file upload_36.cif (mmCIF, C-alpha atoms, pLDDT in the B column; chains and numbers go by the auth columns)
data_my_file
#
loop_
_atom_site.group_PDB
_atom_site.id
_atom_site.type_symbol
_atom_site.label_atom_id
_atom_site.label_comp_id
_atom_site.label_asym_id
_atom_site.label_seq_id
_atom_site.Cartn_x
_atom_site.Cartn_y
_atom_site.Cartn_z
_atom_site.B_iso_or_equiv
_atom_site.auth_seq_id
_atom_site.auth_asym_id
ATOM 1 C CA MET A 1 -18.387 -2.326 -15.865 48.00 1 A
ATOM 2 C CA PRO A 2 -18.408 -5.973 -14.681 63.00 2 A
ATOM 3 C CA GLY A 3 -17.852 -6.566 -10.983 85.00 3 A
ATOM 4 C CA LEU A 4 -14.852 -8.268 -9.447 96.00 4 A
ATOM 5 C CA ASP A 5 -14.626 -11.972 -8.730 97.00 5 A
ATOM 6 C CA GLU A 6 -12.169 -14.859 -8.926 96.00 6 A
ATOM 7 C CA THR A 7 -12.136 -14.689 -12.718 95.00 7 A
ATOM 8 C CA ASN A 8 -10.714 -11.168 -12.907 95.00 8 A
ATOM 9 C CA ASN A 9 -9.122 -10.399 -9.525 97.00 9 A
ATOM 10 C CA GLU A 10 -6.108 -12.124 -8.021 97.00 10 A
ATOM 11 C CA SER A 11 -7.134 -11.623 -4.380 98.00 11 A
ATOM 12 C CA TYR A 12 -10.605 -13.086 -4.929 98.00 12 A
ATOM 13 C CA ARG A 13 -8.909 -15.951 -6.752 98.00 13 A
ATOM 14 C CA TYR A 14 -6.663 -16.554 -3.754 98.00 14 A
ATOM 15 C CA LEU A 15 -9.535 -16.425 -1.255 98.00 15 A
ATOM 16 C CA ARG A 16 -11.637 -18.879 -3.210 98.00 16 A
ATOM 17 C CA SER A 17 -8.663 -21.222 -3.570 98.00 17 A
ATOM 18 C CA VAL A 18 -8.414 -21.511 0.218 98.00 18 A
ATOM 19 C CA GLY A 19 -12.165 -21.809 0.773 98.00 19 A
ATOM 20 C CA ASN A 20 -12.796 -18.229 1.913 98.00 20 A
ATOM 21 C CA THR A 21 -16.179 -16.963 0.621 98.00 21 A
ATOM 22 C CA TRP A 22 -15.749 -13.324 1.750 98.00 22 A
ATOM 23 C CA GLN A 23 -17.567 -10.816 -0.471 97.00 23 A
ATOM 24 C CA TYR A 24 -17.267 -7.041 -0.599 97.00 24 A
ATOM 25 C CA ASN A 25 -20.148 -4.928 0.709 95.00 25 A
ATOM 26 C CA VAL A 26 -19.776 -1.150 0.367 93.00 26 A
ATOM 27 C CA GLU A 27 -22.120 -0.704 3.353 94.00 27 A
ATOM 28 C CA ASP A 28 -19.366 -2.111 5.569 94.00 28 A
ATOM 29 C CA LEU A 29 -17.004 0.750 4.686 94.00 29 A
ATOM 30 C CA HIS A 30 -16.816 4.020 6.617 95.00 30 A
ATOM 31 C CA PRO A 31 -17.217 7.156 4.438 95.00 31 A
ATOM 32 C CA LYS A 32 -13.837 8.456 5.593 94.00 32 A
ATOM 33 C CA MET A 33 -12.146 5.253 4.466 94.00 33 A
ATOM 34 C CA LEU A 34 -13.841 5.602 1.086 94.00 34 A
ATOM 35 C CA SER A 35 -12.551 9.157 0.804 94.00 35 A
ATOM 36 C CA ARG A 36 -9.045 8.073 1.854 92.00 36 A
ATOM 37 C CA LEU A 37 -8.904 5.320 -0.754 95.00 37 A
ATOM 38 C CA TYR A 38 -10.192 7.478 -3.605 95.00 38 A
ATOM 39 C CA LYS A 39 -7.684 10.189 -2.731 92.00 39 A
ATOM 40 C CA ARG A 40 -4.914 7.611 -2.956 90.00 40 A
ATOM 41 C CA PHE A 41 -6.183 6.329 -6.302 95.00 41 A
ATOM 42 C CA ASP A 42 -6.017 9.838 -7.737 94.00 42 A
ATOM 43 C CA THR A 43 -2.357 10.062 -6.682 89.00 43 A
ATOM 44 C CA PHE A 44 -1.535 6.859 -8.564 91.00 44 A
ATOM 45 C CA ASP A 45 -3.613 7.758 -11.631 95.00 45 A
ATOM 46 C CA LEU A 46 -0.913 9.919 -13.199 93.00 46 A
ATOM 47 C CA ASP A 47 -2.800 10.739 -16.404 96.00 47 A
ATOM 48 C CA SER A 48 -6.171 11.266 -14.644 97.00 48 A
ATOM 49 C CA ASP A 49 -8.058 8.852 -16.917 98.00 49 A
ATOM 50 C CA GLU A 50 -9.735 7.065 -13.968 97.00 50 A
ATOM 51 C CA LYS A 51 -7.700 3.935 -14.614 97.00 51 A
ATOM 52 C CA MET A 52 -4.564 2.835 -12.789 97.00 52 A
ATOM 53 C CA GLU A 53 -2.078 1.170 -15.127 97.00 53 A
ATOM 54 C CA MET A 54 0.821 -1.024 -14.055 97.00 54 A
ATOM 55 C CA GLU A 55 3.278 1.363 -15.734 96.00 55 A
ATOM 56 C CA GLU A 56 1.900 4.164 -13.552 95.00 56 A
ATOM 57 C CA VAL A 57 2.571 2.336 -10.289 94.00 57 A
ATOM 58 C CA LEU A 58 6.027 1.297 -11.522 94.00 58 A
ATOM 59 C CA TYR A 59 6.815 5.009 -11.729 91.00 59 A
ATOM 60 C CA TRP A 60 7.255 5.115 -7.952 88.00 60 A
ATOM 61 C CA PRO A 61 10.368 2.905 -7.694 89.00 61 A
ATOM 62 C CA ASP A 62 11.968 5.033 -10.401 87.00 62 A
ATOM 63 C CA ARG A 63 11.110 8.118 -8.353 85.00 63 A
ATOM 64 C CA MET A 64 12.965 6.594 -5.404 84.00 64 A
ATOM 65 C CA ARG A 65 16.041 6.267 -7.622 83.00 65 A
ATOM 66 C CA GLN A 66 15.914 10.026 -8.180 81.00 66 A
ATOM 67 C CA LEU A 67 15.687 10.788 -4.465 82.00 67 A
ATOM 68 C CA VAL A 68 18.216 8.397 -2.950 82.00 68 A
ATOM 69 C CA ASN A 69 21.367 6.612 -3.962 76.00 69 A
ATOM 70 C CA ALA A 70 19.526 3.423 -4.895 83.00 70 A
ATOM 71 C CA THR A 71 21.462 0.795 -6.814 86.00 71 A
ATOM 72 C CA ASP A 72 20.083 -0.898 -9.926 89.00 72 A
ATOM 73 C CA GLU A 73 19.601 -4.035 -7.853 91.00 73 A
ATOM 74 C CA GLN A 74 17.597 -2.161 -5.212 89.00 74 A
ATOM 75 C CA VAL A 75 15.421 -0.449 -7.830 90.00 75 A
ATOM 76 C CA GLU A 76 14.732 -3.772 -9.534 94.00 76 A
ATOM 77 C CA LYS A 77 13.781 -5.304 -6.179 93.00 77 A
ATOM 78 C CA MET A 78 11.384 -2.404 -5.571 93.00 78 A
ATOM 79 C CA ARG A 79 9.896 -2.784 -9.045 95.00 79 A
ATOM 80 C CA GLU A 80 9.327 -6.513 -8.517 97.00 80 A
ATOM 81 C CA ALA A 81 7.707 -5.873 -5.123 96.00 81 A
ATOM 82 C CA VAL A 82 5.502 -3.069 -6.502 95.00 82 A
ATOM 83 C CA TYR A 83 4.426 -5.248 -9.436 97.00 83 A
ATOM 84 C CA THR A 84 3.512 -8.192 -7.164 97.00 84 A
ATOM 85 C CA PHE A 85 1.750 -5.983 -4.625 97.00 85 A
ATOM 86 C CA PHE A 86 -0.376 -4.091 -7.129 97.00 86 A
ATOM 87 C CA PHE A 87 -1.116 -7.180 -9.220 97.00 87 A
ATOM 88 C CA HIS A 88 -2.694 -8.721 -6.132 97.00 88 A
ATOM 89 C CA LYS A 89 -4.386 -5.389 -5.467 96.00 89 A
ATOM 90 C CA GLY A 90 -6.160 -5.735 -8.784 96.00 90 A
ATOM 91 C CA VAL A 91 -4.017 -3.836 -11.276 97.00 91 A
ATOM 92 C CA ASP A 92 -4.115 -6.065 -14.331 96.00 92 A
ATOM 93 C CA PRO A 93 -0.899 -5.807 -16.413 96.00 93 A
ATOM 94 C CA GLU A 94 -2.934 -5.345 -19.598 94.00 94 A
ATOM 95 C CA ASN A 95 -6.205 -3.747 -18.520 94.00 95 A
ATOM 96 C CA GLY A 96 -5.217 -1.852 -15.391 97.00 96 A
ATOM 97 C CA LEU A 97 -7.757 -1.130 -12.626 97.00 97 A
ATOM 98 C CA THR A 98 -10.608 1.345 -12.887 97.00 98 A
ATOM 99 C CA ARG A 99 -11.431 3.893 -10.215 97.00 99 A
ATOM 100 C CA GLU A 100 -14.864 2.278 -9.990 96.00 100 A
ATOM 101 C CA ASN A 101 -13.335 -1.042 -8.847 97.00 101 A
ATOM 102 C CA TRP A 102 -10.457 0.381 -6.797 97.00 102 A
ATOM 103 C CA VAL A 103 -12.148 0.351 -3.381 97.00 103 A
ATOM 104 C CA GLU A 104 -13.476 -3.193 -3.695 97.00 104 A
ATOM 105 C CA SER A 105 -10.082 -4.332 -4.915 98.00 105 A
ATOM 106 C CA ASN A 106 -8.465 -2.823 -1.815 96.00 106 A
ATOM 107 C CA ARG A 107 -10.925 -4.490 0.523 97.00 107 A
ATOM 108 C CA VAL A 108 -10.577 -7.955 -0.996 98.00 108 A
ATOM 109 C CA PHE A 109 -6.786 -7.532 -0.924 98.00 109 A
ATOM 110 C CA ALA A 110 -7.047 -6.706 2.805 97.00 110 A
ATOM 111 C CA GLU A 111 -9.088 -9.859 3.421 97.00 111 A
ATOM 112 C CA ALA A 112 -6.557 -11.921 1.461 98.00 112 A
ATOM 113 C CA GLU A 113 -3.735 -10.449 3.570 97.00 113 A
ATOM 114 C CA ARG A 114 -5.567 -11.425 6.761 96.00 114 A
ATOM 115 C CA ASP A 115 -6.052 -14.937 5.415 97.00 115 A
ATOM 116 C CA ARG A 116 -2.380 -15.199 4.454 97.00 116 A
ATOM 117 C CA GLU A 117 -1.454 -14.144 7.992 95.00 117 A
ATOM 118 C CA ARG A 118 -3.797 -16.709 9.542 96.00 118 A
ATOM 119 C CA ARG A 119 -2.264 -19.399 7.356 97.00 119 A
ATOM 120 C CA GLY A 120 1.315 -18.377 8.139 97.00 120 A
ATOM 121 C CA GLU A 121 2.040 -17.283 4.580 97.00 121 A
ATOM 122 C CA GLY A 122 4.166 -14.321 3.524 94.00 122 A
ATOM 123 C CA SER A 123 2.612 -10.857 3.679 96.00 123 A
ATOM 124 C CA LEU A 124 2.600 -8.831 0.465 97.00 124 A
ATOM 125 C CA ILE A 125 2.506 -5.654 2.554 94.00 125 A
ATOM 126 C CA ALA A 126 5.750 -6.759 4.201 94.00 126 A
ATOM 127 C CA LEU A 127 7.216 -7.639 0.796 95.00 127 A
ATOM 128 C CA LEU A 128 6.606 -4.104 -0.462 92.00 128 A
ATOM 129 C CA SER A 129 7.603 -2.432 2.789 89.00 129 A
ATOM 130 C CA ASN A 130 10.877 -4.353 3.036 89.00 130 A
ATOM 131 C CA ALA A 131 11.883 -3.463 -0.521 90.00 131 A
ATOM 132 C CA TYR A 132 11.532 0.236 0.291 86.00 132 A
ATOM 133 C CA TYR A 133 12.970 -0.183 3.779 84.00 133 A
ATOM 134 C CA ASP A 134 16.206 -1.536 2.329 85.00 134 A
ATOM 135 C CA VAL A 135 16.577 1.642 0.271 85.00 135 A
ATOM 136 C CA LEU A 136 15.414 4.065 2.967 80.00 136 A
ATOM 137 C CA ASP A 137 17.842 2.737 5.567 77.00 137 A
ATOM 138 C CA ASP A 138 20.504 5.061 4.245 67.00 138 A
ATOM 139 C CA ASP A 139 22.937 4.654 7.137 71.00 139 A
ATOM 140 C CA GLY A 140 22.567 0.870 7.231 75.00 140 A
ATOM 141 C CA ASP A 141 21.679 0.643 10.916 79.00 141 A
ATOM 142 C CA GLY A 142 18.640 -1.565 10.289 79.00 142 A
ATOM 143 C CA THR A 143 16.142 1.145 11.243 86.00 143 A
ATOM 144 C CA VAL A 144 14.516 4.191 9.636 85.00 144 A
ATOM 145 C CA ASP A 145 14.639 7.629 11.263 87.00 145 A
ATOM 146 C CA VAL A 146 12.326 10.557 10.621 88.00 146 A
ATOM 147 C CA ASP A 147 14.546 12.084 7.927 87.00 147 A
ATOM 148 C CA GLU A 148 14.671 8.804 6.023 83.00 148 A
ATOM 149 C CA LEU A 149 10.902 8.528 6.410 85.00 149 A
ATOM 150 C CA LYS A 150 10.477 12.006 4.913 87.00 150 A
ATOM 151 C CA THR A 151 12.250 10.715 1.818 84.00 151 A
ATOM 152 C CA MET A 152 9.652 7.954 1.492 80.00 152 A
ATOM 153 C CA MET A 153 6.836 10.501 1.839 81.00 153 A
ATOM 154 C CA LYS A 154 8.369 12.615 -0.887 83.00 154 A
ATOM 155 C CA ALA A 155 8.790 9.562 -3.107 77.00 155 A
ATOM 156 C CA PHE A 156 5.077 8.753 -2.796 75.00 156 A
ATOM 157 C CA ASP A 157 3.991 12.348 -3.350 77.00 157 A
ATOM 158 C CA VAL A 158 2.797 12.731 0.237 80.00 158 A
ATOM 159 C CA PRO A 159 3.524 16.003 2.107 81.00 159 A
ATOM 160 C CA GLN A 160 6.754 15.465 4.011 78.00 160 A
ATOM 161 C CA GLU A 161 5.214 16.942 7.171 81.00 161 A
ATOM 162 C CA ALA A 162 3.143 13.758 7.357 82.00 162 A
ATOM 163 C CA ALA A 163 6.348 11.931 8.292 85.00 163 A
ATOM 164 C CA TYR A 164 6.129 13.350 11.804 89.00 164 A
ATOM 165 C CA THR A 165 2.569 12.080 12.353 88.00 165 A
ATOM 166 C CA PHE A 166 3.445 8.729 10.783 86.00 166 A
ATOM 167 C CA PHE A 167 6.563 8.439 12.923 87.00 167 A
ATOM 168 C CA GLN A 168 4.743 9.283 16.153 90.00 168 A
ATOM 169 C CA LYS A 169 2.059 6.671 15.472 89.00 169 A
ATOM 170 C CA ALA A 170 4.422 3.967 14.224 88.00 170 A
ATOM 171 C CA ASP A 171 7.177 4.267 16.848 88.00 171 A
ATOM 172 C CA THR A 172 5.350 2.071 19.354 86.00 172 A
ATOM 173 C CA ASP A 173 8.481 1.273 21.389 88.00 173 A
ATOM 174 C CA HIS A 174 9.541 4.975 21.510 87.00 174 A
ATOM 175 C CA THR A 175 13.097 4.399 20.315 89.00 175 A
ATOM 176 C CA GLN A 176 13.009 7.304 17.821 88.00 176 A
ATOM 177 C CA LYS A 177 13.718 4.713 15.143 88.00 177 A
ATOM 178 C CA LEU A 178 11.304 2.623 13.104 87.00 178 A
ATOM 179 C CA GLU A 179 11.848 -1.085 12.630 88.00 179 A
ATOM 180 C CA ARG A 180 10.359 -3.134 9.817 85.00 180 A
ATOM 181 C CA PRO A 181 7.398 -4.552 11.797 89.00 181 A
ATOM 182 C CA GLU A 182 6.403 -1.054 12.931 88.00 182 A
ATOM 183 C CA LEU A 183 6.127 0.193 9.343 84.00 183 A
ATOM 184 C CA VAL A 184 4.087 -2.841 8.301 89.00 184 A
ATOM 185 C CA HIS A 185 1.837 -2.571 11.363 89.00 185 A
ATOM 186 C CA LEU A 186 0.896 1.051 10.687 86.00 186 A
ATOM 187 C CA PHE A 187 0.343 0.385 6.976 87.00 187 A
ATOM 188 C CA ARG A 188 -2.065 -2.396 7.889 91.00 188 A
ATOM 189 C CA LYS A 189 -3.926 -0.264 10.430 89.00 189 A
ATOM 190 C CA PHE A 190 -4.275 2.726 8.123 87.00 190 A
ATOM 191 C CA TRP A 191 -5.149 1.055 4.821 88.00 191 A
ATOM 192 C CA MET A 192 -6.415 -2.446 5.607 89.00 192 A
ATOM 193 C CA GLU A 193 -8.371 -2.396 8.852 91.00 193 A
ATOM 194 C CA PRO A 194 -11.812 -0.813 9.495 91.00 194 A
ATOM 195 C CA TYR A 195 -11.671 2.973 9.805 92.00 195 A
ATOM 196 C CA ASP A 196 -10.320 4.211 13.151 91.00 196 A
ATOM 197 C CA PRO A 197 -10.029 7.995 13.757 91.00 197 A
ATOM 198 C CA GLN A 198 -6.817 7.555 15.759 88.00 198 A
ATOM 199 C CA TRP A 199 -4.972 7.011 12.475 85.00 199 A
ATOM 200 C CA ASP A 200 -6.245 10.217 10.850 84.00 200 A
ATOM 201 C CA GLY A 201 -3.403 12.374 9.523 78.00 201 A
ATOM 202 C CA VAL A 202 -1.081 9.480 8.718 80.00 202 A
ATOM 203 C CA TYR A 203 0.083 9.937 5.086 71.00 203 A
ATOM 204 C CA ALA A 204 -1.606 13.391 5.424 67.00 204 A
ATOM 205 C CA TYR A 205 -5.004 11.679 4.809 66.00 205 A
#
call {"tool": "encode", "arguments": {"input": "upload_36.cif", "output": "structure tokens"}}
result
Amino acid sequence: MPGLDETNNESYRYLRSVGNTWQYNVEDLHPKMLSRLYKRFDTFDLDSDEKMEMEEVLYWPDRMRQLVNATDEQVEKMREAVYTFFFHKGVDPENGLTRENWVESNRVFAEAERDRERRGEGSLIALLSNAYYDVLDDDGDGTVDVDELKTMMKAFDVPQEAAYTFFQKADTDHTQKLERPELVHLFRKFWMEPYDPQWDGVYAY
């Protein structure tokens, strides 16, 4: 299987376009982060063929429709955000993304996100998070409580008990409500930054 570079991966393409020469090295990755990422891949790989297809990741917005009173407009917004997010994460619309390339694709996406932040560009993590946030905020108060967070866990096939760990870690201002930046911050720390044991248990991983 050919490796990833700017010819076949959107995040490498972005990095090279802005002069960033970052290159993936598996030796830089903690074994627990490797395990976490592979476990997540297997959740997305619905038919267990070791390839993640775009139609498989687009299943998740439709699952949200089943769990909450999402409007067609909200579901379409989620689908657009999921498509953009996973396209930049390496899921090719035609060829998908193999399990073999999944970890590297995550790491280069993380580097691209850091570069976008440094350059003051929009975060794709925030794009995805906000699309779901709009649906989760069932009472319209601009925040997400633990019950609304449990719905998100269920939608992503994560044990709902993980909502309590997630909530405790994310609620940095101790208001018992999560605001948009808090969700994005914890997502970044758990999935995008170097492994840190303090985040163990978030998403039940």
call {"tool": "residues_near_point", "arguments": {"input": "upload_36.cif", "point": "(-5.0, -8.8, -2.5)", "cutoff": "8 Å", "atoms": "all atoms listed in the file", "output": "ChimeraX atom specification"}}
result
/A:10-12,85,87-90,105-113
call {"tool": "residues_around", "arguments": {"input": "upload_36.cif", "residues": "region 36-47 of chain A", "least_positions_apart": "2", "cutoff": "8 Å", "atoms": "all atoms listed in the file", "output": "JSON, numbers by chain"}}
result
{"A": [32, 33, 34, 49, 50, 51, 52, 53, 56, 57, 99, 102, 103, 157, 191, 205]}
call {"tool": "atom_distance", "arguments": {"input": "upload_36.cif", "atom1": "CA of Tyr83 (chain A)", "atom2": "CA of Gly3 (chain A)"}}
result
22.4 Å
call {"tool": "resolve_selection", "arguments": {"input": "upload_36.cif", "expression": "the PyMOL selection byres ((chain A and resi 146) around 8)", "output": "list in words"}}
result
Val144, Asp145, Asp147, Glu148, Leu149, Lys150, Ala163, Tyr164, Phe167, Gln176 and Lys177 of chain A
call {"tool": "closest_residue", "arguments": {"input": "upload_36.cif", "among": "A:Asp200, A:Asp115, A:Glu73, A:Glu94", "to": "Thr21 (chain A)", "atoms": "only C-alpha atoms"}}
result
A:Asp115
call {"tool": "resolve_selection", "arguments": {"input": "upload_36.cif", "expression": "the PyMOL selection byres ((chain A and resi 186) around 12)", "output": "number ranges by chain"}}
result
A: 125-126, 129, 165-172, 178-185, 187-193, 196, 198-200, 202-203
call {"tool": "atom_distance", "arguments": {"input": "upload_36.cif", "atom1": "CA of Leu4 (chain A)", "atom2": "CA of Thr84 (chain A)"}}
result
18.5 Å
call {"tool": "closest_residue", "arguments": {"input": "upload_36.cif", "among": "A:Gln66, A:Leu124, A:Glu104, A:Arg119", "to": "Ala81 (chain A)", "atoms": "only C-alpha atoms"}}
result
A:Leu124
call {"tool": "closest_residue", "arguments": {"input": "upload_36.cif", "among": "A:Val91, A:Arg116, A:Gln74, A:Arg65", "to": "Ser17 (chain A)", "atoms": "all atoms listed in the file"}}
result
A:Arg116
call {"tool": "atom_distance", "arguments": {"input": "upload_36.cif", "atom1": "CA of Thr98 (chain A)", "atom2": "CA of Asp5 (chain A)"}}
result
14.5 Å
call {"tool": "residues_around", "arguments": {"input": "upload_36.cif", "residues": "Trp60 (chain A)", "least_positions_apart": "3", "cutoff": "7 Å", "atoms": "only C-alpha atoms", "output": "number ranges by chain"}}
result
A: 57, 63-64, 155-156
call {"tool": "closest_residue", "arguments": {"input": "upload_36.cif", "among": "A:Pro31, A:His174, A:Asp134, A:Asn95", "to": "Pro194 (chain A)", "atoms": "all atoms listed in the file"}}
result
A:Pro31
call {"tool": "axis_aligned_box", "arguments": {"input": "upload_36.cif", "around": "region 14-22 of chain A", "padding_each_side": "3 Å", "output": "lines of an AutoDock Vina configuration file"}}
result
center_x = -11.4
center_y = -17.6
center_z = -0.9
size_x = 15.5
size_y = 14.5
size_z = 11.7
call {"tool": "closest_residue", "arguments": {"input": "upload_36.cif", "among": "A:Thr143, A:Thr175, A:Gln160, A:Thr151", "to": "Val68 (chain A)", "atoms": "all atoms listed in the file"}}
result
A:Thr151
call {"tool": "closest_residue", "arguments": {"input": "upload_36.cif", "among": "A:Met54, A:Leu128, A:Val82, A:Leu136", "to": "Leu97 (chain A)", "atoms": "all atoms listed in the file"}}
result
A:Met54
